[in-house]
$ cat protein33.pdb   # PDB, C-alpha atoms and all ligand atoms
MODEL        1
ATOM      1  CA  MET A 567      25.457 -67.143 165.873  1.00  0.00           C
ATOM      2  CA  ARG A 568      29.245 -67.420 166.115  1.00  0.00           C
ATOM      3  CA  PRO A 569      31.522 -69.320 163.724  1.00  0.00           C
ATOM      4  CA  SER A 570      33.044 -72.519 165.137  1.00  0.00           C
ATOM      5  CA  LEU A 571      36.340 -71.963 163.418  1.00  0.00           C
ATOM      6  CA  ASN A 572      38.240 -69.372 161.493  1.00  0.00           C
ATOM      7  CA  LEU A 573      40.525 -70.337 158.633  1.00  0.00           C
ATOM      8  CA  ARG A 574      42.498 -67.245 157.620  1.00  0.00           C
ATOM      9  CA  GLY A 575      39.365 -65.157 158.031  1.00  0.00           C
ATOM     10  CA  MET A 576      37.057 -67.683 156.407  1.00  0.00           C
ATOM     11  CA  GLN A 577      34.355 -68.260 159.004  1.00  0.00           C
ATOM     12  CA  VAL A 578      33.242 -71.864 159.269  1.00  0.00           C
ATOM     13  CA  TYR A 579      29.914 -72.622 160.957  1.00  0.00           C
ATOM     14  CA  LYS A 580      30.164 -76.353 161.628  1.00  0.00           C
ATOM     15  CA  ASP A 581      26.883 -78.251 161.664  1.00  0.00           C
ATOM     16  CA  MET A 582      24.754 -75.128 161.245  1.00  0.00           C
ATOM     17  CA  LEU A 583      21.979 -77.035 159.438  1.00  0.00           C
ATOM     18  CA  ASP A 584      20.327 -80.052 161.011  1.00  0.00           C
ATOM     19  CA  ARG A 585      19.365 -83.152 159.040  1.00  0.00           C
ATOM     20  CA  ASP A 586      15.829 -81.966 158.277  1.00  0.00           C
ATOM     21  CA  ALA A 587      17.090 -78.622 157.025  1.00  0.00           C
ATOM     22  CA  GLN A 588      19.636 -80.425 154.838  1.00  0.00           C
ATOM     23  CA  LEU A 589      16.976 -82.728 153.374  1.00  0.00           C
ATOM     24  CA  ALA A 590      14.734 -79.736 152.647  1.00  0.00           C
ATOM     25  CA  LEU A 591      17.605 -78.028 150.820  1.00  0.00           C
ATOM     26  CA  VAL A 592      18.190 -81.139 148.707  1.00  0.00           C
ATOM     27  CA  GLU A 593      14.502 -81.028 147.717  1.00  0.00           C
ATOM     28  CA  ASP A 594      14.909 -77.345 146.824  1.00  0.00           C
ATOM     29  CA  VAL A 595      17.898 -78.231 144.635  1.00  0.00           C
ATOM     30  CA  ARG A 596      15.851 -80.900 142.862  1.00  0.00           C
ATOM     31  CA  THR A 597      13.175 -78.307 142.129  1.00  0.00           C
ATOM     32  CA  ILE A 598      15.787 -75.876 140.783  1.00  0.00           C
ATOM     33  CA  ALA A 599      17.324 -78.580 138.579  1.00  0.00           C
ATOM     34  CA  LYS A 600      13.956 -79.435 137.016  1.00  0.00           C
ATOM     35  CA  GLN A 601      13.687 -75.916 135.636  1.00  0.00           C
ATOM     36  CA  ALA A 602      17.402 -75.289 135.145  1.00  0.00           C
ATOM     37  CA  PRO A 603      19.150 -78.634 134.516  1.00  0.00           C
ATOM     38  CA  PHE A 604      22.738 -79.249 135.657  1.00  0.00           C
ATOM     39  CA  VAL A 605      25.340 -78.713 132.933  1.00  0.00           C
ATOM     40  CA  THR A 606      29.014 -79.663 132.749  1.00  0.00           C
ATOM     41  CA  PRO A 607      30.974 -76.413 132.570  1.00  0.00           C
ATOM     42  CA  VAL A 608      33.959 -76.109 130.266  1.00  0.00           C
ATOM     43  CA  THR A 609      37.013 -74.065 131.262  1.00  0.00           C
ATOM     44  CA  PRO A 610      38.344 -71.309 128.962  1.00  0.00           C
ATOM     45  CA  SER A 611      41.032 -73.784 127.874  1.00  0.00           C
ATOM     46  CA  GLY A 612      38.309 -76.167 126.689  1.00  0.00           C
ATOM     47  CA  LYS A 613      38.474 -78.755 129.462  1.00  0.00           C
ATOM     48  CA  ALA A 614      35.300 -80.164 131.004  1.00  0.00           C
ATOM     49  CA  MET A 615      35.105 -79.456 134.730  1.00  0.00           C
ATOM     50  CA  SER A 616      34.451 -82.377 137.054  1.00  0.00           C
ATOM     51  CA  VAL A 617      31.555 -80.648 138.818  1.00  0.00           C
ATOM     52  CA  LYS A 618      28.117 -80.103 137.313  1.00  0.00           C
ATOM     53  CA  MET A 619      26.497 -76.713 137.774  1.00  0.00           C
ATOM     54  CA  THR A 620      23.217 -74.895 137.730  1.00  0.00           C
ATOM     55  CA  SER A 621      21.977 -71.727 139.425  1.00  0.00           C
ATOM     56  CA  ALA A 622      19.065 -69.888 140.962  1.00  0.00           C
ATOM     57  CA  GLY A 623      18.540 -66.151 141.317  1.00  0.00           C
ATOM     58  CA  ARG A 624      18.702 -63.127 139.062  1.00  0.00           C
ATOM     59  CA  PHE A 625      22.116 -64.246 137.832  1.00  0.00           C
ATOM     60  CA  GLY A 626      23.557 -67.670 137.170  1.00  0.00           C
ATOM     61  CA  TRP A 627      27.099 -68.723 136.458  1.00  0.00           C
ATOM     62  CA  VAL A 628      27.740 -70.050 132.973  1.00  0.00           C
ATOM     63  CA  THR A 629      30.691 -70.993 130.798  1.00  0.00           C
ATOM     64  CA  ASP A 630      31.029 -70.790 127.061  1.00  0.00           C
ATOM     65  CA  GLY A 631      33.777 -70.311 124.459  1.00  0.00           C
ATOM     66  CA  GLN A 632      34.551 -66.898 125.993  1.00  0.00           C
ATOM     67  CA  GLY A 633      35.097 -68.260 129.512  1.00  0.00           C
ATOM     68  CA  TYR A 634      33.110 -67.835 132.702  1.00  0.00           C
ATOM     69  CA  ARG A 635      30.513 -65.160 133.286  1.00  0.00           C
ATOM     70  CA  TYR A 636      27.275 -64.324 135.038  1.00  0.00           C
ATOM     71  CA  ALA A 637      24.203 -64.588 132.815  1.00  0.00           C
ATOM     72  CA  GLN A 638      20.537 -63.845 133.367  1.00  0.00           C
ATOM     73  CA  SER A 639      19.342 -67.087 131.804  1.00  0.00           C
ATOM     74  CA  HIS A 640      20.258 -70.757 131.669  1.00  0.00           C
ATOM     75  CA  PRO A 641      22.131 -71.869 128.515  1.00  0.00           C
ATOM     76  CA  ASN A 642      18.783 -73.400 127.427  1.00  0.00           C
ATOM     77  CA  GLY A 643      17.264 -69.890 127.388  1.00  0.00           C
ATOM     78  CA  THR A 644      14.987 -70.098 130.441  1.00  0.00           C
ATOM     79  CA  PRO A 645      15.355 -67.610 133.307  1.00  0.00           C
ATOM     80  CA  TRP A 646      16.927 -69.022 136.465  1.00  0.00           C
ATOM     81  CA  PRO A 647      14.524 -70.220 139.188  1.00  0.00           C
ATOM     82  CA  VAL A 648      14.187 -67.975 142.239  1.00  0.00           C
ATOM     83  CA  ILE A 649      16.480 -68.576 145.219  1.00  0.00           C
ATOM     84  CA  PRO A 650      14.486 -70.718 147.708  1.00  0.00           C
ATOM     85  CA  PRO A 651      13.465 -69.049 151.015  1.00  0.00           C
ATOM     86  CA  SER A 652      15.415 -71.693 152.970  1.00  0.00           C
ATOM     87  CA  VAL A 653      18.609 -70.587 151.235  1.00  0.00           C
ATOM     88  CA  LEU A 654      17.856 -66.885 151.733  1.00  0.00           C
ATOM     89  CA  GLY A 655      17.396 -67.630 155.442  1.00  0.00           C
ATOM     90  CA  ILE A 656      20.937 -69.006 155.715  1.00  0.00           C
ATOM     91  CA  TRP A 657      22.292 -65.854 154.060  1.00  0.00           C
ATOM     92  CA  THR A 658      20.340 -63.627 156.439  1.00  0.00           C
ATOM     93  CA  THR A 659      21.675 -65.532 159.441  1.00  0.00           C
ATOM     94  CA  VAL A 660      25.372 -65.359 158.595  1.00  0.00           C
ATOM     95  CA  ALA A 661      26.141 -62.815 155.850  1.00  0.00           C
ATOM     96  CA  GLY A 662      25.936 -59.691 158.009  1.00  0.00           C
ATOM     97  CA  VAL A 663      25.037 -57.372 155.118  1.00  0.00           C
ATOM     98  CA  ASP A 664      21.794 -55.676 154.134  1.00  0.00           C
ATOM     99  CA  ARG A 665      21.637 -56.899 150.541  1.00  0.00           C
ATOM    100  CA  PRO A 666      20.183 -60.251 149.493  1.00  0.00           C
ATOM    101  CA  PRO A 667      22.167 -62.641 147.295  1.00  0.00           C
ATOM    102  CA  GLU A 668      21.623 -62.330 143.545  1.00  0.00           C
ATOM    103  CA  CYS A 669      23.094 -65.693 142.618  1.00  0.00           C
ATOM    104  CA  CYS A 670      22.866 -69.139 144.166  1.00  0.00           C
ATOM    105  CA  LEU A 671      25.320 -71.317 142.293  1.00  0.00           C
ATOM    106  CA  VAL A 672      24.643 -75.033 142.724  1.00  0.00           C
ATOM    107  CA  ASN A 673      27.664 -77.308 142.268  1.00  0.00           C
ATOM    108  CA  TYR A 674      27.272 -81.083 142.198  1.00  0.00           C
ATOM    109  CA  TYR A 675      30.415 -83.069 142.964  1.00  0.00           C
ATOM    110  CA  GLY A 676      30.427 -86.735 142.001  1.00  0.00           C
ATOM    111  CA  THR A 677      32.779 -88.941 144.007  1.00  0.00           C
ATOM    112  CA  ASP A 678      35.804 -88.029 141.872  1.00  0.00           C
ATOM    113  CA  ALA A 679      35.056 -84.353 141.393  1.00  0.00           C
ATOM    114  CA  LYS A 680      37.208 -81.517 142.717  1.00  0.00           C
ATOM    115  CA  MET A 681      37.625 -77.811 142.195  1.00  0.00           C
ATOM    116  CA  GLY A 682      41.002 -76.237 141.511  1.00  0.00           C
ATOM    117  CA  MET A 683      42.306 -73.276 143.508  1.00  0.00           C
ATOM    118  CA  HIS A 684      40.622 -70.049 142.372  1.00  0.00           C
ATOM    119  CA  GLN A 685      39.425 -66.654 143.574  1.00  0.00           C
ATOM    120  CA  ASP A 686      35.800 -65.507 143.450  1.00  0.00           C
ATOM    121  CA  ARG A 687      36.306 -62.141 141.818  1.00  0.00           C
ATOM    122  CA  ASP A 688      33.707 -61.634 139.121  1.00  0.00           C
ATOM    123  CA  GLU A 689      31.391 -59.693 141.412  1.00  0.00           C
ATOM    124  CA  ALA A 690      31.198 -55.880 141.485  1.00  0.00           C
ATOM    125  CA  ASN A 691      31.320 -55.362 145.266  1.00  0.00           C
ATOM    126  CA  PHE A 692      33.856 -57.259 147.381  1.00  0.00           C
ATOM    127  CA  GLU A 693      32.330 -55.825 150.576  1.00  0.00           C
ATOM    128  CA  MET A 694      29.611 -58.413 150.008  1.00  0.00           C
ATOM    129  CA  PRO A 695      30.630 -61.857 151.300  1.00  0.00           C
ATOM    130  CA  VAL A 696      30.318 -65.216 149.603  1.00  0.00           C
ATOM    131  CA  VAL A 697      28.354 -67.782 151.611  1.00  0.00           C
ATOM    132  CA  SER A 698      28.840 -71.474 150.885  1.00  0.00           C
ATOM    133  CA  VAL A 699      26.687 -74.390 152.068  1.00  0.00           C
ATOM    134  CA  SER A 700      27.851 -78.027 152.065  1.00  0.00           C
ATOM    135  CA  LEU A 701      25.460 -80.972 151.612  1.00  0.00           C
ATOM    136  CA  GLY A 702      26.388 -84.647 151.311  1.00  0.00           C
ATOM    137  CA  ASP A 703      29.852 -86.175 151.381  1.00  0.00           C
ATOM    138  CA  ASP A 704      32.731 -84.550 153.272  1.00  0.00           C
ATOM    139  CA  ALA A 705      35.010 -82.369 151.164  1.00  0.00           C
ATOM    140  CA  LEU A 706      38.551 -81.147 151.787  1.00  0.00           C
ATOM    141  CA  PHE A 707      38.424 -77.349 151.465  1.00  0.00           C
ATOM    142  CA  ARG A 708      41.804 -75.666 150.917  1.00  0.00           C
ATOM    143  CA  VAL A 709      42.537 -71.992 151.530  1.00  0.00           C
ATOM    144  CA  GLY A 710      45.573 -70.034 150.336  1.00  0.00           C
ATOM    145  CA  HIS A 711      46.373 -66.370 149.881  1.00  0.00           C
ATOM    146  CA  GLU A 712      45.275 -63.432 147.727  1.00  0.00           C
ATOM    147  CA  THR A 713      47.819 -64.474 145.137  1.00  0.00           C
ATOM    148  CA  ARG A 714      48.363 -67.952 143.763  1.00  0.00           C
ATOM    149  CA  GLY A 715      50.724 -70.277 145.612  1.00  0.00           C
ATOM    150  CA  GLY A 716      52.212 -70.192 149.096  1.00  0.00           C
ATOM    151  CA  LYS A 717      51.359 -72.246 152.119  1.00  0.00           C
ATOM    152  CA  THR A 718      47.767 -73.411 152.367  1.00  0.00           C
ATOM    153  CA  GLU A 719      45.507 -74.636 155.159  1.00  0.00           C
ATOM    154  CA  SER A 720      42.571 -76.966 154.825  1.00  0.00           C
ATOM    155  CA  VAL A 721      39.523 -78.202 156.651  1.00  0.00           C
ATOM    156  CA  TRP A 722      37.059 -81.018 156.000  1.00  0.00           C
ATOM    157  CA  LEU A 723      33.638 -79.529 155.278  1.00  0.00           C
ATOM    158  CA  GLN A 724      30.732 -81.736 156.270  1.00  0.00           C
ATOM    159  CA  SER A 725      27.072 -81.825 155.401  1.00  0.00           C
ATOM    160  CA  GLY A 726      25.335 -78.919 157.106  1.00  0.00           C
ATOM    161  CA  ASP A 727      28.462 -76.757 157.407  1.00  0.00           C
ATOM    162  CA  VAL A 728      28.314 -73.160 156.194  1.00  0.00           C
ATOM    163  CA  VAL A 729      31.343 -71.035 155.264  1.00  0.00           C
ATOM    164  CA  VAL A 730      31.401 -67.243 155.016  1.00  0.00           C
ATOM    165  CA  MET A 731      34.156 -65.809 152.840  1.00  0.00           C
ATOM    166  CA  GLY A 732      34.082 -62.120 153.647  1.00  0.00           C
ATOM    167  CA  GLY A 733      36.166 -59.201 154.838  1.00  0.00           C
ATOM    168  CA  GLN A 734      39.884 -59.958 154.682  1.00  0.00           C
ATOM    169  CA  ALA A 735      39.122 -63.471 153.401  1.00  0.00           C
ATOM    170  CA  ARG A 736      36.911 -62.409 150.478  1.00  0.00           C
ATOM    171  CA  LEU A 737      39.621 -62.752 147.815  1.00  0.00           C
ATOM    172  CA  LEU A 738      41.601 -65.692 149.162  1.00  0.00           C
ATOM    173  CA  TYR A 739      42.354 -68.519 146.770  1.00  0.00           C
ATOM    174  CA  HIS A 740      40.377 -71.631 147.657  1.00  0.00           C
ATOM    175  CA  GLY A 741      39.363 -74.965 146.214  1.00  0.00           C
ATOM    176  CA  ILE A 742      38.145 -78.469 146.906  1.00  0.00           C
ATOM    177  CA  ASP A 743      40.875 -81.140 146.808  1.00  0.00           C
ATOM    178  CA  ARG A 744      38.697 -84.219 147.051  1.00  0.00           C
ATOM    179  CA  LEU A 745      35.659 -85.810 148.594  1.00  0.00           C
ATOM    180  CA  LYS A 746      35.518 -88.572 151.149  1.00  0.00           C
ATOM    181  CA  PRO A 747      33.271 -91.069 149.344  1.00  0.00           C
ATOM    182  CA  ASN A 748      30.295 -92.468 151.281  1.00  0.00           C
ATOM    183  CA  SER A 749      30.930 -90.242 154.275  1.00  0.00           C
ATOM    184  CA  SER A 750      27.323 -89.014 154.243  1.00  0.00           C
ATOM    185  CA  THR A 751      23.976 -90.699 153.693  1.00  0.00           C
ATOM    186  CA  LEU A 752      22.190 -87.477 152.721  1.00  0.00           C
ATOM    187  CA  LEU A 753      22.277 -87.999 148.957  1.00  0.00           C
ATOM    188  CA  ALA A 754      20.995 -91.398 147.803  1.00  0.00           C
ATOM    189  CA  LYS A 755      23.591 -91.574 145.022  1.00  0.00           C
ATOM    190  CA  GLY A 756      26.401 -90.091 147.096  1.00  0.00           C
ATOM    191  CA  GLY A 757      28.528 -87.116 146.177  1.00  0.00           C
ATOM    192  CA  ARG A 758      28.202 -83.547 147.356  1.00  0.00           C
ATOM    193  CA  ILE A 759      26.132 -80.470 146.648  1.00  0.00           C
ATOM    194  CA  ASN A 760      27.615 -77.046 147.333  1.00  0.00           C
ATOM    195  CA  LEU A 761      25.485 -73.914 147.252  1.00  0.00           C
ATOM    196  CA  THR A 762      27.396 -70.669 146.823  1.00  0.00           C
ATOM    197  CA  LEU A 763      25.549 -67.406 147.427  1.00  0.00           C
ATOM    198  CA  ARG A 764      26.784 -64.096 146.058  1.00  0.00           C
ATOM    199  CA  VAL A 765      25.778 -60.511 145.465  1.00  0.00           C
ATOM    200  CA  VAL A 766      26.805 -59.921 141.853  1.00  0.00           C
ATOM    201  CA  THR A 767      26.177 -56.226 141.092  1.00  0.00           C
TER     202      THR A 767
HETATM  203  C1  LIG B 801      33.625 -72.795 145.182  1.00  0.00           C
HETATM  204  O1  LIG B 801      34.536 -72.222 145.725  1.00  0.00           O
HETATM  205  O2  LIG B 801      33.143 -72.380 144.139  1.00  0.00           O
HETATM  206  C2  LIG B 801      33.041 -74.055 145.772  1.00  0.00           C
HETATM  207  C3  LIG B 801      33.505 -74.339 147.132  1.00  0.00           C
HETATM  208  C4  LIG B 801      32.904 -75.611 147.660  1.00  0.00           C
HETATM  209  O3  LIG B 801      32.490 -76.476 146.873  1.00  0.00           O
HETATM  210  O4  LIG B 801      32.819 -75.768 148.884  1.00  0.00           O
HETATM  211 FE   FE2 B 802      34.913 -70.217 144.925  1.00  0.00          FE
ENDMDL
END

$ encode --input "protein33.pdb" --output "structure tokens"
Amino acid sequence: MRPSLNLRGMQVYKDMLDRDAQLALVEDVRTIAKQAPFVTPVTPSGKAMSVKMTSAGRFGWVTDGQGYRYAQSHPNGTPWPVIPPSVLGIWTTVAGVDRPPECCLVNYYGTDAKMGMHQDRDEANFEMPVVSVSLGDDALFRVGHETRGGKTESVWLQSGDVVVMGGQARLLYHGIDRLKPNSSTLLAKGGRINLTLRVVT
């Protein structure tokens, strides 16, 4: 499979997942959220983020008074659910590495949610890519440089699109500016789910 577009080394596979595959992933997310409910993360400065998060895999992404970190259990104490086979299959198709993901972060964006520009750099091995899956409403994905600031480029990510952030693009700043409300009928209540797969150790 070849990426449909390349944004500063970020490989975008437009429309990789068909409607049935997307619906199956939404069901998988519901199953994950039953065991590991979505929580509203708080930034190190004490502000509530606009997305809600949960995780699957050996590690999940949590926030507390100390900031962000990977943890082996949900804040409620239960271990994270396993990463669903459907999600592992996406990784195998596009990641191009021989290790499986250890974390599947699940972000839920309500209509007004966004994610500020940041780097993904809390993992031990930057040779391992980050793979991101979009479900639901369109989202404006912005990509910058390895340092904050400078000119940026953006692309609208749609339901079923998959992005691989690897190689030279692994440490680029990126974020979600905004959603396009009601642009997808996948989620009954609207909004967007993003799955982000990473090797942590
Ligand atoms: C992220 O970078 O953590 C999320 C990106 C996205 O929602 O597409
Ligand atoms: Fe990120």

$ residues_near_ligand --input "protein33.pdb" --ligand "ligand FE2 802 (chain B)" --cutoff "12 Å" --atoms "all atoms listed in the file" --output "PDB file with C-alpha atoms, keeping the file's coordinate frame"
ATOM      1  CA  MET A 576      37.057 -67.683 156.407  1.00  0.00           C
ATOM      2  CA  TRP A 627      27.099 -68.723 136.458  1.00  0.00           C
ATOM      3  CA  LEU A 671      25.320 -71.317 142.293  1.00  0.00           C
ATOM      4  CA  VAL A 672      24.643 -75.033 142.724  1.00  0.00           C
ATOM      5  CA  ASN A 673      27.664 -77.308 142.268  1.00  0.00           C
ATOM      6  CA  LYS A 680      37.208 -81.517 142.717  1.00  0.00           C
ATOM      7  CA  MET A 681      37.625 -77.811 142.195  1.00  0.00           C
ATOM      8  CA  GLY A 682      41.002 -76.237 141.511  1.00  0.00           C
ATOM      9  CA  MET A 683      42.306 -73.276 143.508  1.00  0.00           C
ATOM     10  CA  HIS A 684      40.622 -70.049 142.372  1.00  0.00           C
ATOM     11  CA  GLN A 685      39.425 -66.654 143.574  1.00  0.00           C
ATOM     12  CA  ASP A 686      35.800 -65.507 143.450  1.00  0.00           C
ATOM     13  CA  ARG A 687      36.306 -62.141 141.818  1.00  0.00           C
ATOM     14  CA  ASP A 688      33.707 -61.634 139.121  1.00  0.00           C
ATOM     15  CA  GLU A 689      31.391 -59.693 141.412  1.00  0.00           C
ATOM     16  CA  PRO A 695      30.630 -61.857 151.300  1.00  0.00           C
ATOM     17  CA  VAL A 696      30.318 -65.216 149.603  1.00  0.00           C
ATOM     18  CA  VAL A 697      28.354 -67.782 151.611  1.00  0.00           C
ATOM     19  CA  SER A 698      28.840 -71.474 150.885  1.00  0.00           C
ATOM     20  CA  VAL A 699      26.687 -74.390 152.068  1.00  0.00           C
ATOM     21  CA  PHE A 707      38.424 -77.349 151.465  1.00  0.00           C
ATOM     22  CA  ARG A 708      41.804 -75.666 150.917  1.00  0.00           C
ATOM     23  CA  VAL A 709      42.537 -71.992 151.530  1.00  0.00           C
ATOM     24  CA  GLY A 710      45.573 -70.034 150.336  1.00  0.00           C
ATOM     25  CA  VAL A 729      31.343 -71.035 155.264  1.00  0.00           C
ATOM     26  CA  VAL A 730      31.401 -67.243 155.016  1.00  0.00           C
ATOM     27  CA  MET A 731      34.156 -65.809 152.840  1.00  0.00           C
ATOM     28  CA  GLY A 732      34.082 -62.120 153.647  1.00  0.00           C
ATOM     29  CA  ALA A 735      39.122 -63.471 153.401  1.00  0.00           C
ATOM     30  CA  ARG A 736      36.911 -62.409 150.478  1.00  0.00           C
ATOM     31  CA  LEU A 737      39.621 -62.752 147.815  1.00  0.00           C
ATOM     32  CA  LEU A 738      41.601 -65.692 149.162  1.00  0.00           C
ATOM     33  CA  TYR A 739      42.354 -68.519 146.770  1.00  0.00           C
ATOM     34  CA  HIS A 740      40.377 -71.631 147.657  1.00  0.00           C
ATOM     35  CA  GLY A 741      39.363 -74.965 146.214  1.00  0.00           C
ATOM     36  CA  ILE A 742      38.145 -78.469 146.906  1.00  0.00           C
ATOM     37  CA  ASN A 760      27.615 -77.046 147.333  1.00  0.00           C
ATOM     38  CA  LEU A 761      25.485 -73.914 147.252  1.00  0.00           C
ATOM     39  CA  THR A 762      27.396 -70.669 146.823  1.00  0.00           C
ATOM     40  CA  LEU A 763      25.549 -67.406 147.427  1.00  0.00           C
ATOM     41  CA  ARG A 764      26.784 -64.096 146.058  1.00  0.00           C
TER      42      ARG A 764
END

$ resolve_selection --input "protein33.pdb" --expression "the PyMOL selection byres (((chain A and resi 601-612) around 7) and not hetatm)" --output "compact mmCIF listing (two decimals) with C-alpha atoms, keeping the file's coordinate frame"
# COMPACT_ATOMS: atom_id res chain seq x y z
CA THR A 597 13.18 -78.31 142.13
CA ILE A 598 15.79 -75.88 140.78
CA ALA A 599 17.32 -78.58 138.58
CA LYS A 600 13.96 -79.44 137.02
CA LYS A 613 38.47 -78.76 129.46
CA ALA A 614 35.30 -80.16 131.00
CA MET A 615 35.10 -79.46 134.73
CA VAL A 617 31.56 -80.65 138.82
CA LYS A 618 28.12 -80.10 137.31
CA MET A 619 26.50 -76.71 137.77
CA THR A 620 23.22 -74.90 137.73
CA THR A 629 30.69 -70.99 130.80
CA ASP A 630 31.03 -70.79 127.06
CA GLY A 631 33.78 -70.31 124.46
CA GLN A 632 34.55 -66.90 125.99
CA GLY A 633 35.10 -68.26 129.51
CA HIS A 640 20.26 -70.76 131.67
CA TRP A 646 16.93 -69.02 136.46
CA PRO A 647 14.52 -70.22 139.19

$ closest_residue --input "protein33.pdb" --among "A:Leu723, A:Val766, A:Leu583, A:Ala690" --to "Leu745 (chain A)" --atoms "all atoms listed in the file"
A:Leu723

$ atom_distance --input "protein33.pdb" --atom1 "CA of Gly733 (chain A)" --atom2 "CA of Glu712 (chain A)"
12.3 Å

$ residues_around --input "protein33.pdb" --residues "Leu573 (chain A)" --least-positions-apart "2" --cutoff "8 Å" --atoms "all atoms listed in the file" --output "PyMOL selection string"
chain A and resi 571+575-578+709+719-720

$ closest_residue --input "protein33.pdb" --among "A:Cys669, A:Ala705, A:Thr767, A:Gly662" --to "ligand LIG 801 (chain B)" --atoms "all atoms listed in the file"
A:Ala705

$ closest_residue --input "protein33.pdb" --among "A:Arg568, A:Met694, A:Tyr675, A:Gly726" --to "ligand LIG 801 (chain B)" --atoms "all atoms listed in the file"
A:Tyr675

$ closest_residue --input "protein33.pdb" --among "A:Val765, A:Ala679, A:Thr751, A:Gly655" --to "Glu693 (chain A)" --atoms "only C-alpha atoms"
A:Val765

$ residues_around --input "protein33.pdb" --residues "Asp584 (chain A)" --least-positions-apart "6" --cutoff "12 Å" --atoms "only C-alpha atoms" --output "list of chain:residue names"
A:Ala590, A:Leu591, A:Ser700, A:Leu701, A:Gln724, A:Ser725, A:Gly726, A:Asp727, A:Val728, A:Leu752

$ atom_distance --input "protein33.pdb" --atom1 "CA of Val648 (chain A)" --atom2 "CA of Arg624 (chain A)"
7.3 Å

$ closest_residue --input "protein33.pdb" --among "A:Val595, A:Cys670, A:Ile649, A:Leu589" --to "ligand LIG 801 (chain B)" --atoms "all atoms listed in the file"
A:Cys670

$ atom_distance --input "protein33.pdb" --atom1 "CA of Ile759 (chain A)" --atom2 "CA of Asp704 (chain A)"
10.2 Å

$ closest_residue --input "protein33.pdb" --among "A:Gly715, A:Pro569, A:Gly626, A:Gly643" --to "Thr659 (chain A)" --atoms "only C-alpha atoms"
A:Pro569

$ resolve_selection --input "protein33.pdb" --expression "the PyMOL selection byres (((chain A and resi 677) around 9) and not hetatm)" --output "number ranges by chain"
A: 675-676, 678-680, 703, 744-748, 756-758

$ write_last_selection --input "protein33.pdb" --atoms "C-alpha atoms" --output "tab-separated table (two decimals), keeping the file's coordinate frame"
chain	number	residue	atom	x	y	z
A	675	TYR	CA	30.42	-83.07	142.96
A	676	GLY	CA	30.43	-86.74	142.00
A	678	ASP	CA	35.80	-88.03	141.87
A	679	ALA	CA	35.06	-84.35	141.39
A	680	LYS	CA	37.21	-81.52	142.72
A	703	ASP	CA	29.85	-86.18	151.38
A	744	ARG	CA	38.70	-84.22	147.05
A	745	LEU	CA	35.66	-85.81	148.59
A	746	LYS	CA	35.52	-88.57	151.15
A	747	PRO	CA	33.27	-91.07	149.34
A	748	ASN	CA	30.30	-92.47	151.28
A	756	GLY	CA	26.40	-90.09	147.10
A	757	GLY	CA	28.53	-87.12	146.18
A	758	ARG	CA	28.20	-83.55	147.36

$ axis_aligned_box --input "protein33.pdb" --around "ligand LIG 801 (chain B)" --padding-each-side "3 Å" --output "JSON"
{"center_x": 33.5, "center_y": -74.3, "center_z": 146.5, "size_x": 8.0, "size_y": 10.3, "size_z": 10.7}
